[in-house]
Amino acid sequence: MAQLGKAHLLITFVAPADKVAEIDRLVASHGAWMAETHQRSGPKALLSYGFSKGPELSNPMDPSSASTGNTRYVLSEIYESAAGIEDHWAQAQKSWADFGTMAGILGQCNAQTLHSGTLVQSLW
């Protein structure tokens, strides 16, 4: 289903090997919290959620290049409207027990964010 014009939250970061186990725990915690708290219909609806990870490459433009030993994580959330992203941040600070822990780790992992983007291309 095409999601043209929908609101997009994206966070990407690179973690050193010694932080991967704790981040994996936080990713599981985040997914469980999202499933329990986010709306599935209406203007705040969460339409798509994905949290992926893989090796950080020494040459990001060459998929055959060697790993740096670090792990790249990418969080992608698509909402019906920006109201969903606003609701997400408000809920996270109030009810996700691991919010502070995740914020602290992201501060150490060169996080890059798109807090309220608009999908300008979308297929299927």
# chains A, B, ... in the order shown; residues from 1 in each chain; ligands from 1
$ select_by_dssp --residues "chain A" --states "helix (DSSP H, G or I)" --output "MDAnalysis selection string"
chainID A and resid 17:37 82:95 99:107
$ closest_residue --among "A:Val120, A:Leu9, A:Met102, A:Cys109" --to "Asp24 (chain A)" --atoms "only C-alpha atoms"
A:Met102
$ select_by_dssp --residues "region 46-117 of chain A" --states "strand (DSSP E or B)" --output "JSON, numbers by chain"
{"A": [46, 47, 48, 49, 50, 51, 52, 53, 54, 55, 56, 57, 67, 68, 69, 70, 71, 72, 73, 74, 75, 76, 77, 78, 79, 112, 113, 114, 115, 116, 117]}
$ closest_residue --among "A:Pro43, A:Gly84, A:Gly50, A:Gly69" --to "Ala15 (chain A)" --atoms "only C-alpha atoms"
A:Gly69
$ atom_distance --atom1 "CA of Ala111 (chain A)" --atom2 "CA of Leu26 (chain A)"
15.2 Å
$ residues_around --residues "region 33-39 of chain A" --least-positions-apart "5" --cutoff "10 Å" --atoms "only C-alpha atoms" --output "count of residues only"
17
$ residues_around --residues "Leu10 (chain A)" --least-positions-apart "4" --cutoff "6 Å" --atoms "only C-alpha atoms" --output "ChimeraX atom specification"
/A:75-76,113-114
$ write_last_selection --atoms "C-alpha atoms" --output "short mmCIF file (atom, residue, chain, number, x, y, z; two decimals), in the first residue's frame"
data_model
loop_
_atom_site.label_atom_id
_atom_site.label_comp_id
_atom_site.auth_asym_id
_atom_site.auth_seq_id
_atom_site.Cartn_x
_atom_site.Cartn_y
_atom_site.Cartn_z
CA LEU A 75 14.31 2.54 13.23
CA SER A 76 11.50 3.45 10.83
CA THR A 113 17.12 11.54 13.08
CA LEU A 114 14.20 12.59 10.94
#
$ atom_distance --atom1 "CA of Phe99 (chain A)" --atom2 "CA of Thr71 (chain A)"
20.5 Å
$ closest_residue --among "A:Ala103, A:Glu77, A:Gln93, A:Ala17" --to "Thr118 (chain A)" --atoms "only C-alpha atoms"
A:Glu77
$ closest_residue --among "A:Gln112, A:Gln121, A:Ser29, A:Thr101" --to "Val74 (chain A)" --atoms "only C-alpha atoms"
A:Gln112
$ closest_residue --among "A:Ser116, A:Ser41, A:Gln108, A:Ser52" --to "Thr12 (chain A)" --atoms "only C-alpha atoms"
A:Ser52
$ atom_distance --atom1 "CA of Glu22 (chain A)" --atom2 "CA of Ala90 (chain A)"
23.6 Å
